[in-house]
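So this one's run28.txt, compact mmCIF, N, CA and C atoms:
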# COMPACT_ATOMS: atom_id res chain seq x y z
N MET A 1 -2.72 13.09 -22.59
CA MET A 1 -3.21 13.65 -21.34
C MET A 1 -2.21 14.71 -20.87
N LYS A 2 -2.74 15.79 -20.37
CA LYS A 2 -1.91 16.85 -19.83
C LYS A 2 -1.29 16.40 -18.52
N LYS A 3 -0.28 17.13 -18.07
CA LYS A 3 0.32 16.83 -16.78
C LYS A 3 -0.74 16.91 -15.70
N ASN A 4 -0.41 16.48 -14.52
CA ASN A 4 -1.38 16.46 -13.43
C ASN A 4 -2.03 17.81 -13.25
N ARG A 5 -3.36 17.77 -13.18
CA ARG A 5 -4.13 19.00 -12.99
C ARG A 5 -5.06 18.79 -11.81
N PHE A 6 -4.47 18.43 -10.71
CA PHE A 6 -5.22 18.32 -9.47
C PHE A 6 -4.42 19.01 -8.39
N GLU A 7 -5.11 19.43 -7.36
CA GLU A 7 -4.42 19.99 -6.20
C GLU A 7 -5.08 19.43 -4.95
N LEU A 8 -4.30 19.35 -3.89
CA LEU A 8 -4.82 18.87 -2.63
C LEU A 8 -5.60 19.98 -1.96
N LEU A 9 -6.68 19.60 -1.31
CA LEU A 9 -7.54 20.55 -0.62
C LEU A 9 -7.40 20.30 0.87
N SER A 10 -7.10 21.33 1.62
CA SER A 10 -7.01 21.22 3.07
C SER A 10 -8.42 21.07 3.63
N HIS A 11 -8.63 20.01 4.41
CA HIS A 11 -9.96 19.74 4.96
C HIS A 11 -9.78 19.25 6.38
N THR A 12 -10.73 19.56 7.24
CA THR A 12 -10.61 19.30 8.68
C THR A 12 -10.06 17.93 9.02
N ALA A 13 -10.81 16.87 8.77
CA ALA A 13 -10.37 15.53 9.20
C ALA A 13 -10.15 14.61 8.02
N ASP A 14 -10.47 15.06 6.83
CA ASP A 14 -10.37 14.22 5.66
C ASP A 14 -9.39 14.81 4.66
N LEU A 15 -9.37 14.23 3.48
CA LEU A 15 -8.52 14.72 2.40
C LEU A 15 -9.42 15.22 1.28
N GLY A 16 -8.93 16.16 0.51
CA GLY A 16 -9.73 16.67 -0.60
C GLY A 16 -8.90 16.87 -1.83
N LEU A 17 -9.58 16.83 -2.98
CA LEU A 17 -8.95 17.09 -4.26
C LEU A 17 -9.76 18.14 -5.00
N ILE A 18 -9.07 19.03 -5.68
CA ILE A 18 -9.69 19.93 -6.63
C ILE A 18 -9.11 19.55 -7.98
N ILE A 19 -9.97 19.18 -8.91
CA ILE A 19 -9.55 18.62 -10.19
C ILE A 19 -9.98 19.57 -11.30
N THR A 20 -9.09 19.80 -12.26
CA THR A 20 -9.40 20.60 -13.42
C THR A 20 -9.16 19.74 -14.66
N ALA A 21 -10.12 19.75 -15.60
CA ALA A 21 -9.99 18.91 -16.79
C ALA A 21 -10.81 19.48 -17.93
N GLU A 22 -10.46 19.08 -19.14
CA GLU A 22 -11.16 19.55 -20.32
C GLU A 22 -12.28 18.61 -20.76
N SER A 23 -12.36 17.43 -20.16
CA SER A 23 -13.41 16.48 -20.50
C SER A 23 -13.76 15.68 -19.25
N ILE A 24 -14.86 14.99 -19.32
CA ILE A 24 -15.26 14.14 -18.19
C ILE A 24 -14.27 13.00 -18.01
N GLU A 25 -13.85 12.40 -19.12
CA GLU A 25 -12.86 11.31 -19.05
C GLU A 25 -11.57 11.79 -18.40
N GLU A 26 -11.13 12.99 -18.79
CA GLU A 26 -9.92 13.57 -18.21
C GLU A 26 -10.12 13.87 -16.73
N MET A 27 -11.32 14.31 -16.35
CA MET A 27 -11.62 14.57 -14.94
C MET A 27 -11.42 13.29 -14.12
N LEU A 28 -11.92 12.17 -14.63
CA LEU A 28 -11.76 10.90 -13.93
C LEU A 28 -10.29 10.49 -13.84
N LYS A 29 -9.56 10.69 -14.91
CA LYS A 29 -8.13 10.35 -14.91
C LYS A 29 -7.37 11.22 -13.91
N GLN A 30 -7.68 12.51 -13.87
CA GLN A 30 -7.01 13.40 -12.92
C GLN A 30 -7.38 13.05 -11.49
N ALA A 31 -8.65 12.67 -11.27
CA ALA A 31 -9.06 12.24 -9.93
C ALA A 31 -8.29 10.99 -9.52
N SER A 32 -8.09 10.07 -10.45
CA SER A 32 -7.32 8.85 -10.13
C SER A 32 -5.87 9.20 -9.85
N ASN A 33 -5.30 10.18 -10.58
CA ASN A 33 -3.93 10.62 -10.31
C ASN A 33 -3.82 11.18 -8.90
N GLY A 34 -4.80 11.99 -8.52
CA GLY A 34 -4.80 12.57 -7.17
C GLY A 34 -4.92 11.51 -6.10
N LEU A 35 -5.81 10.54 -6.31
CA LEU A 35 -5.97 9.45 -5.35
C LEU A 35 -4.68 8.65 -5.22
N LEU A 36 -4.07 8.30 -6.34
CA LEU A 36 -2.83 7.53 -6.30
C LEU A 36 -1.74 8.30 -5.57
N PHE A 37 -1.66 9.62 -5.81
CA PHE A 37 -0.69 10.46 -5.13
C PHE A 37 -0.89 10.43 -3.62
N LEU A 38 -2.15 10.42 -3.19
CA LEU A 38 -2.43 10.36 -1.76
C LEU A 38 -2.08 9.00 -1.15
N LEU A 39 -2.20 7.95 -1.96
CA LEU A 39 -1.92 6.61 -1.46
C LEU A 39 -0.43 6.31 -1.39
N THR A 40 0.30 6.60 -2.46
CA THR A 40 1.70 6.21 -2.55
C THR A 40 2.41 7.07 -3.59
N ASP A 41 3.66 6.82 -3.85
CA ASP A 41 4.41 7.52 -4.90
C ASP A 41 3.94 6.97 -6.25
N PRO A 42 3.30 7.79 -7.07
CA PRO A 42 2.78 7.30 -8.36
C PRO A 42 3.86 6.69 -9.26
N ASP A 43 5.10 7.17 -9.17
CA ASP A 43 6.17 6.63 -10.00
C ASP A 43 6.55 5.21 -9.62
N SER A 44 6.12 4.75 -8.44
CA SER A 44 6.45 3.39 -8.01
C SER A 44 5.46 2.36 -8.54
N VAL A 45 4.39 2.80 -9.19
CA VAL A 45 3.34 1.90 -9.68
C VAL A 45 3.51 1.70 -11.18
N HIS A 46 3.57 0.45 -11.60
CA HIS A 46 3.79 0.11 -13.00
C HIS A 46 2.53 -0.48 -13.62
N PRO A 47 2.22 -0.09 -14.85
CA PRO A 47 1.00 -0.58 -15.51
C PRO A 47 1.21 -1.95 -16.17
N THR A 48 1.47 -2.96 -15.37
CA THR A 48 1.81 -4.27 -15.91
C THR A 48 0.62 -5.20 -16.11
N GLN A 49 -0.49 -4.94 -15.43
CA GLN A 49 -1.68 -5.78 -15.55
C GLN A 49 -2.85 -4.94 -16.04
N ARG A 50 -3.74 -5.60 -16.76
CA ARG A 50 -4.93 -4.94 -17.31
C ARG A 50 -6.15 -5.36 -16.51
N TYR A 51 -7.01 -4.39 -16.18
CA TYR A 51 -8.24 -4.63 -15.44
C TYR A 51 -9.37 -3.89 -16.15
N GLU A 52 -10.54 -4.48 -16.20
CA GLU A 52 -11.68 -3.83 -16.82
C GLU A 52 -12.84 -3.79 -15.84
N PHE A 53 -13.55 -2.67 -15.85
CA PHE A 53 -14.75 -2.55 -15.03
C PHE A 53 -15.68 -1.51 -15.62
N VAL A 54 -16.90 -1.51 -15.13
CA VAL A 54 -17.94 -0.60 -15.59
C VAL A 54 -18.48 0.17 -14.39
N VAL A 55 -18.75 1.44 -14.60
CA VAL A 55 -19.38 2.27 -13.57
C VAL A 55 -20.67 2.83 -14.16
N VAL A 56 -21.79 2.48 -13.56
CA VAL A 56 -23.09 3.01 -13.97
C VAL A 56 -23.38 4.23 -13.10
N PHE A 57 -23.90 5.31 -13.73
CA PHE A 57 -24.10 6.55 -12.99
C PHE A 57 -25.35 7.26 -13.47
N ASN A 58 -25.84 8.19 -12.63
CA ASN A 58 -27.00 8.99 -13.03
C ASN A 58 -26.72 10.49 -12.98
N SER A 59 -25.49 10.87 -12.67
CA SER A 59 -25.06 12.27 -12.70
C SER A 59 -23.54 12.29 -12.72
N LEU A 60 -22.97 13.43 -13.06
CA LEU A 60 -21.51 13.53 -13.05
C LEU A 60 -20.95 13.34 -11.64
N GLU A 61 -21.65 13.88 -10.65
CA GLU A 61 -21.22 13.73 -9.27
C GLU A 61 -21.21 12.25 -8.87
N ASN A 62 -22.28 11.56 -9.24
CA ASN A 62 -22.40 10.13 -8.96
C ASN A 62 -21.29 9.35 -9.66
N LEU A 63 -20.98 9.72 -10.90
CA LEU A 63 -19.90 9.07 -11.65
C LEU A 63 -18.56 9.23 -10.94
N LEU A 64 -18.23 10.45 -10.54
CA LEU A 64 -16.94 10.70 -9.89
C LEU A 64 -16.81 9.92 -8.59
N VAL A 65 -17.83 9.94 -7.75
CA VAL A 65 -17.77 9.23 -6.48
C VAL A 65 -17.69 7.71 -6.70
N ARG A 66 -18.52 7.18 -7.59
CA ARG A 66 -18.50 5.73 -7.84
C ARG A 66 -17.17 5.28 -8.46
N PHE A 67 -16.63 6.09 -9.35
CA PHE A 67 -15.35 5.77 -9.98
C PHE A 67 -14.24 5.71 -8.93
N LEU A 68 -14.14 6.74 -8.11
CA LEU A 68 -13.10 6.76 -7.07
C LEU A 68 -13.30 5.63 -6.07
N ASN A 69 -14.55 5.36 -5.70
CA ASN A 69 -14.79 4.27 -4.75
C ASN A 69 -14.45 2.91 -5.34
N LYS A 70 -14.60 2.75 -6.64
CA LYS A 70 -14.18 1.50 -7.29
C LYS A 70 -12.66 1.37 -7.19
N LEU A 71 -11.93 2.45 -7.41
CA LEU A 71 -10.47 2.41 -7.29
C LEU A 71 -10.03 2.11 -5.86
N ILE A 72 -10.71 2.72 -4.90
CA ILE A 72 -10.40 2.49 -3.49
C ILE A 72 -10.68 1.04 -3.12
N TYR A 73 -11.81 0.51 -3.58
CA TYR A 73 -12.16 -0.89 -3.31
C TYR A 73 -11.12 -1.84 -3.94
N THR A 74 -10.72 -1.55 -5.16
CA THR A 74 -9.73 -2.39 -5.85
C THR A 74 -8.41 -2.39 -5.07
N PHE A 75 -8.04 -1.26 -4.53
CA PHE A 75 -6.83 -1.16 -3.70
C PHE A 75 -7.01 -1.91 -2.39
N ASP A 76 -8.10 -1.61 -1.69
CA ASP A 76 -8.32 -2.14 -0.35
C ASP A 76 -8.64 -3.64 -0.34
N ALA A 77 -9.55 -4.06 -1.18
CA ALA A 77 -10.01 -5.46 -1.15
C ALA A 77 -9.15 -6.39 -2.00
N ASP A 78 -8.67 -5.89 -3.14
CA ASP A 78 -7.94 -6.75 -4.07
C ASP A 78 -6.43 -6.55 -4.02
N GLY A 79 -5.97 -5.50 -3.34
CA GLY A 79 -4.53 -5.25 -3.26
C GLY A 79 -3.93 -4.81 -4.59
N ILE A 80 -4.70 -4.04 -5.37
CA ILE A 80 -4.26 -3.59 -6.69
C ILE A 80 -4.19 -2.07 -6.71
N LEU A 81 -3.09 -1.54 -7.21
CA LEU A 81 -2.93 -0.11 -7.44
C LEU A 81 -3.08 0.14 -8.94
N LEU A 82 -3.96 1.07 -9.31
CA LEU A 82 -4.21 1.38 -10.71
C LEU A 82 -3.62 2.73 -11.05
N CYS A 83 -2.95 2.81 -12.22
CA CYS A 83 -2.21 4.03 -12.52
C CYS A 83 -2.48 4.61 -13.92
N ARG A 84 -3.12 3.86 -14.79
CA ARG A 84 -3.39 4.36 -16.14
C ARG A 84 -4.77 3.89 -16.58
N PHE A 85 -5.48 4.75 -17.32
CA PHE A 85 -6.87 4.45 -17.64
C PHE A 85 -7.22 4.84 -19.06
N ASP A 86 -8.04 3.99 -19.70
CA ASP A 86 -8.74 4.32 -20.93
C ASP A 86 -10.21 4.28 -20.55
N ILE A 87 -10.92 5.38 -20.80
CA ILE A 87 -12.30 5.50 -20.33
C ILE A 87 -13.19 5.89 -21.50
N GLN A 88 -14.29 5.15 -21.65
CA GLN A 88 -15.30 5.47 -22.65
C GLN A 88 -16.62 5.67 -21.92
N ILE A 89 -17.23 6.82 -22.11
CA ILE A 89 -18.49 7.12 -21.45
C ILE A 89 -19.62 7.06 -22.47
N VAL A 90 -20.67 6.33 -22.12
CA VAL A 90 -21.86 6.21 -22.96
C VAL A 90 -23.02 6.75 -22.13
N TYR A 91 -23.73 7.75 -22.69
CA TYR A 91 -24.84 8.37 -21.97
C TYR A 91 -26.15 7.73 -22.38
N GLY A 92 -27.06 7.68 -21.41
CA GLY A 92 -28.38 7.14 -21.67
C GLY A 92 -29.26 8.11 -22.42
N ASN A 93 -29.42 9.32 -21.90
CA ASN A 93 -30.41 10.23 -22.46
C ASN A 93 -29.86 11.49 -23.09
N SER A 94 -28.61 11.85 -22.84
CA SER A 94 -28.09 13.08 -23.42
C SER A 94 -26.58 13.04 -23.52
N GLU A 95 -26.02 14.01 -24.19
CA GLU A 95 -24.58 14.08 -24.38
C GLU A 95 -23.84 14.54 -23.13
N GLU A 96 -24.49 15.29 -22.25
CA GLU A 96 -23.79 15.87 -21.11
C GLU A 96 -24.20 15.30 -19.76
N GLY A 97 -24.58 14.04 -19.72
CA GLY A 97 -24.77 13.40 -18.45
C GLY A 97 -26.17 13.40 -17.90
N GLY A 98 -27.15 13.88 -18.65
CA GLY A 98 -28.53 13.79 -18.16
C GLY A 98 -29.01 12.35 -18.29
N GLY A 99 -29.67 11.83 -17.32
CA GLY A 99 -30.10 10.43 -17.36
C GLY A 99 -28.97 9.52 -16.95
N GLU A 100 -29.20 8.24 -17.12
CA GLU A 100 -28.21 7.24 -16.72
C GLU A 100 -27.15 7.06 -17.78
N GLY A 101 -25.94 6.79 -17.34
CA GLY A 101 -24.84 6.54 -18.25
C GLY A 101 -23.96 5.42 -17.73
N THR A 102 -23.01 5.03 -18.57
CA THR A 102 -22.08 3.97 -18.22
C THR A 102 -20.68 4.40 -18.60
N ALA A 103 -19.75 4.23 -17.69
CA ALA A 103 -18.33 4.44 -17.99
C ALA A 103 -17.69 3.07 -18.11
N ARG A 104 -17.15 2.79 -19.27
CA ARG A 104 -16.41 1.53 -19.49
C ARG A 104 -14.94 1.85 -19.33
N VAL A 105 -14.32 1.18 -18.36
CA VAL A 105 -12.96 1.54 -17.98
C VAL A 105 -12.03 0.35 -18.20
N THR A 106 -10.94 0.62 -18.91
CA THR A 106 -9.81 -0.30 -18.98
C THR A 106 -8.70 0.36 -18.19
N ALA A 107 -8.28 -0.31 -17.14
CA ALA A 107 -7.29 0.25 -16.23
C ALA A 107 -6.04 -0.63 -16.23
N PHE A 108 -4.92 -0.01 -15.93
CA PHE A 108 -3.66 -0.73 -15.86
C PHE A 108 -2.99 -0.42 -14.52
N GLY A 109 -2.37 -1.42 -13.96
CA GLY A 109 -1.70 -1.25 -12.67
C GLY A 109 -1.03 -2.54 -12.27
N GLU A 110 -0.90 -2.72 -10.97
CA GLU A 110 -0.21 -3.92 -10.48
C GLU A 110 -0.61 -4.19 -9.03
N ALA A 111 -0.29 -5.41 -8.60
CA ALA A 111 -0.52 -5.79 -7.21
C ALA A 111 0.43 -5.00 -6.31
N ILE A 112 -0.02 -4.75 -5.10
CA ILE A 112 0.81 -4.03 -4.13
C ILE A 112 2.10 -4.81 -3.89
N ASP A 113 3.20 -4.09 -3.93
CA ASP A 113 4.53 -4.63 -3.64
C ASP A 113 5.09 -3.78 -2.50
N HIS A 114 5.10 -4.32 -1.31
CA HIS A 114 5.51 -3.53 -0.14
C HIS A 114 6.97 -3.12 -0.17
N THR A 115 7.77 -3.70 -1.06
CA THR A 115 9.15 -3.24 -1.18
C THR A 115 9.26 -1.95 -1.98
N ARG A 116 8.23 -1.65 -2.81
CA ARG A 116 8.24 -0.43 -3.61
C ARG A 116 7.13 0.56 -3.25
N HIS A 117 6.01 0.06 -2.76
CA HIS A 117 4.85 0.90 -2.49
C HIS A 117 4.78 1.22 -1.00
N HIS A 118 5.12 2.43 -0.67
CA HIS A 118 5.09 2.91 0.72
C HIS A 118 3.90 3.86 0.84
N PHE A 119 3.00 3.56 1.75
CA PHE A 119 1.72 4.25 1.78
C PHE A 119 1.74 5.47 2.69
N LYS A 120 1.09 6.54 2.18
CA LYS A 120 0.99 7.80 2.91
C LYS A 120 -0.33 7.89 3.67
N HIS A 121 -1.42 7.55 2.99
CA HIS A 121 -2.76 7.62 3.56
C HIS A 121 -3.51 6.35 3.20
N LEU A 122 -4.44 5.96 4.03
CA LEU A 122 -5.32 4.84 3.72
C LEU A 122 -6.72 5.43 3.54
N VAL A 123 -7.01 5.78 2.33
CA VAL A 123 -8.28 6.41 1.99
C VAL A 123 -9.39 5.37 2.07
N LYS A 124 -10.48 5.70 2.77
CA LYS A 124 -11.59 4.76 2.95
C LYS A 124 -12.67 4.91 1.89
N ALA A 125 -12.96 6.15 1.46
CA ALA A 125 -14.04 6.35 0.50
C ALA A 125 -14.04 7.77 -0.03
N ALA A 126 -14.58 7.91 -1.23
CA ALA A 126 -14.94 9.23 -1.75
C ALA A 126 -16.35 9.52 -1.25
N THR A 127 -16.61 10.77 -0.89
CA THR A 127 -17.89 11.10 -0.28
C THR A 127 -18.65 12.13 -1.12
N TYR A 128 -19.95 12.24 -0.83
CA TYR A 128 -20.78 13.25 -1.48
C TYR A 128 -20.72 14.59 -0.74
N GLY A 129 -20.24 14.57 0.51
CA GLY A 129 -20.12 15.80 1.28
C GLY A 129 -19.09 16.72 0.65
N GLY A 130 -19.45 17.94 0.34
CA GLY A 130 -18.53 18.90 -0.26
C GLY A 130 -18.28 18.67 -1.73
N LEU A 131 -18.95 17.70 -2.32
CA LEU A 131 -18.76 17.38 -3.73
C LEU A 131 -19.36 18.47 -4.61
N ASN A 132 -18.59 18.92 -5.60
CA ASN A 132 -19.08 19.93 -6.51
C ASN A 132 -18.38 19.76 -7.85
N ILE A 133 -19.17 19.81 -8.92
CA ILE A 133 -18.61 19.77 -10.28
C ILE A 133 -19.24 20.89 -11.08
N THR A 134 -18.39 21.70 -11.72
CA THR A 134 -18.89 22.75 -12.60
C THR A 134 -18.27 22.57 -13.98
N HIS A 135 -18.95 23.08 -14.99
CA HIS A 135 -18.45 23.07 -16.36
C HIS A 135 -18.60 24.48 -16.91
N GLN A 136 -17.47 25.14 -17.13
CA GLN A 136 -17.49 26.52 -17.55
C GLN A 136 -16.34 26.78 -18.50
N ASN A 137 -16.61 27.48 -19.59
CA ASN A 137 -15.57 27.84 -20.56
C ASN A 137 -14.78 26.63 -21.03
N GLY A 138 -15.46 25.52 -21.26
CA GLY A 138 -14.81 24.32 -21.78
C GLY A 138 -13.98 23.55 -20.77
N GLU A 139 -14.12 23.88 -19.49
CA GLU A 139 -13.34 23.21 -18.46
C GLU A 139 -14.23 22.70 -17.34
N TYR A 140 -13.94 21.49 -16.90
CA TYR A 140 -14.61 20.93 -15.73
C TYR A 140 -13.74 21.20 -14.52
N LYS A 141 -14.40 21.57 -13.44
CA LYS A 141 -13.70 21.74 -12.17
C LYS A 141 -14.49 20.96 -11.13
N ALA A 142 -13.81 20.06 -10.45
CA ALA A 142 -14.47 19.20 -9.46
C ALA A 142 -13.75 19.31 -8.13
N THR A 143 -14.54 19.33 -7.07
CA THR A 143 -14.02 19.24 -5.71
C THR A 143 -14.61 17.99 -5.09
N VAL A 144 -13.76 17.14 -4.52
CA VAL A 144 -14.23 15.91 -3.90
C VAL A 144 -13.47 15.69 -2.60
N ILE A 145 -14.20 15.24 -1.58
CA ILE A 145 -13.62 14.97 -0.27
C ILE A 145 -13.48 13.45 -0.12
N LEU A 146 -12.32 13.03 0.38
CA LEU A 146 -12.02 11.62 0.59
C LEU A 146 -11.91 11.35 2.08
N ASP A 147 -12.60 10.31 2.52
CA ASP A 147 -12.57 9.92 3.93
C ASP A 147 -11.26 9.21 4.21
N ASP A 148 -10.45 9.78 5.10
CA ASP A 148 -9.12 9.24 5.43
C ASP A 148 -9.16 8.53 6.76
Represent the structure of the file as structure tokens.
Amino acid sequence: MKKNRFELLSHTADLGLIITAESIEEMLKQASNGLLFLLTDPDSVHPTQRYEFVVVFNSLENLLVRFLNKLIYTFDADGILLCRFDIQIVYGNSEEGGGEGTARVTAFGEAIDHTRHHFKHLVKAATYGGLNITHQNGEYKATVILDD
């Protein structure tokens, strides 16, 4: 994986990310890097535990929002910070996301440790407002707004 390829987007009352990636899987990983950066210092999170989950989607936009919301839920409800991912995407009807698909995710992270994890923002959700994904010249570019 390349170094972080996300940037923070200035937004009125919420937080935003602009993500650049060469594949859909990389787009999700970069989105998770951006989310983790907004939550806490990414270097303070260790990939000591393995977690598996599935995200069912019907568009790339739907995949990105559902994926981020799963990470936010895992943080908020389960007290788990996720920092590394192996992602396999299986499409229902086409190679590029037409129809329904499934993302099978193996994630690594750890339970929140308040002695090491100091929080910057408490992100509530990824939203569809302002969401945009383009694929041009072999690169995906995504903009997503996070409710803070």
Next item on the list: Quick one: residues within 8 Å of (-10.7, 12.8, -10.8) (file frame), counting only N, CA and C atoms, please, as a PyMOL selection string.
Entry: chain A and resi 6+17-20+25-35+64+68+142
Checklist line | Residue list as a ChimeraX atom specification for point (-2.5, -9.4, -1.6), cut-off 6.5 Å, all atoms listed in the file | finding: /A:78-79,112
Skip Ser44 (chain A) itself and residues of its chain fewer than 3 positions away, then list as an mmCIF file with N, CA and C atoms, in the coordinates of the input all residues within 7 Å of it, counting only N, CA and C atoms.
data_model
loop_
_atom_site.group_PDB
_atom_site.id
_atom_site.type_symbol
_atom_site.label_atom_id
_atom_site.label_comp_id
_atom_site.auth_asym_id
_atom_site.auth_seq_id
_atom_site.Cartn_x
_atom_site.Cartn_y
_atom_site.Cartn_z
ATOM 1 N N THR A 40 0.300 6.600 -2.460
ATOM 2 C CA THR A 40 1.700 6.210 -2.550
ATOM 3 C C THR A 40 2.410 7.070 -3.590
ATOM 4 N N ASP A 41 3.660 6.820 -3.850
ATOM 5 C CA ASP A 41 4.410 7.520 -4.900
ATOM 6 C C ASP A 41 3.940 6.970 -6.250
ATOM 7 N N ARG A 116 8.230 -1.650 -2.810
ATOM 8 C CA ARG A 116 8.240 -0.430 -3.610
ATOM 9 C C ARG A 116 7.130 0.560 -3.250
ATOM 10 N N HIS A 117 6.010 0.060 -2.760
ATOM 11 C CA HIS A 117 4.850 0.900 -2.490
ATOM 12 C C HIS A 117 4.780 1.220 -1.000
#
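Atom C of Ala125 (chain A) lies 22.8 Å from CA of Gln88 (chain A).
Between atom N of Thr74 (chain A) and CA of Lys124 (chain A) the separation is 10.3 Å.
Closest approach to Leu122 (chain A) among A:Asp43, A:Val90, A:Thr134, A:Leu36: A:Leu36, based on only C-alpha atoms.
Distance check against Leu81 (chain A) using all atoms listed in the file: of A:Arg66, A:His46, A:His114, A:Arg104, the minimum falls on A:His46.
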Next item on the list: Would you list, as number ranges by chain, the residues of region 20-136 of chain A that end up in alpha helix (DSSP H) under DSSP run on this structure's backbone?
Entry: A: 24-39, 60-78
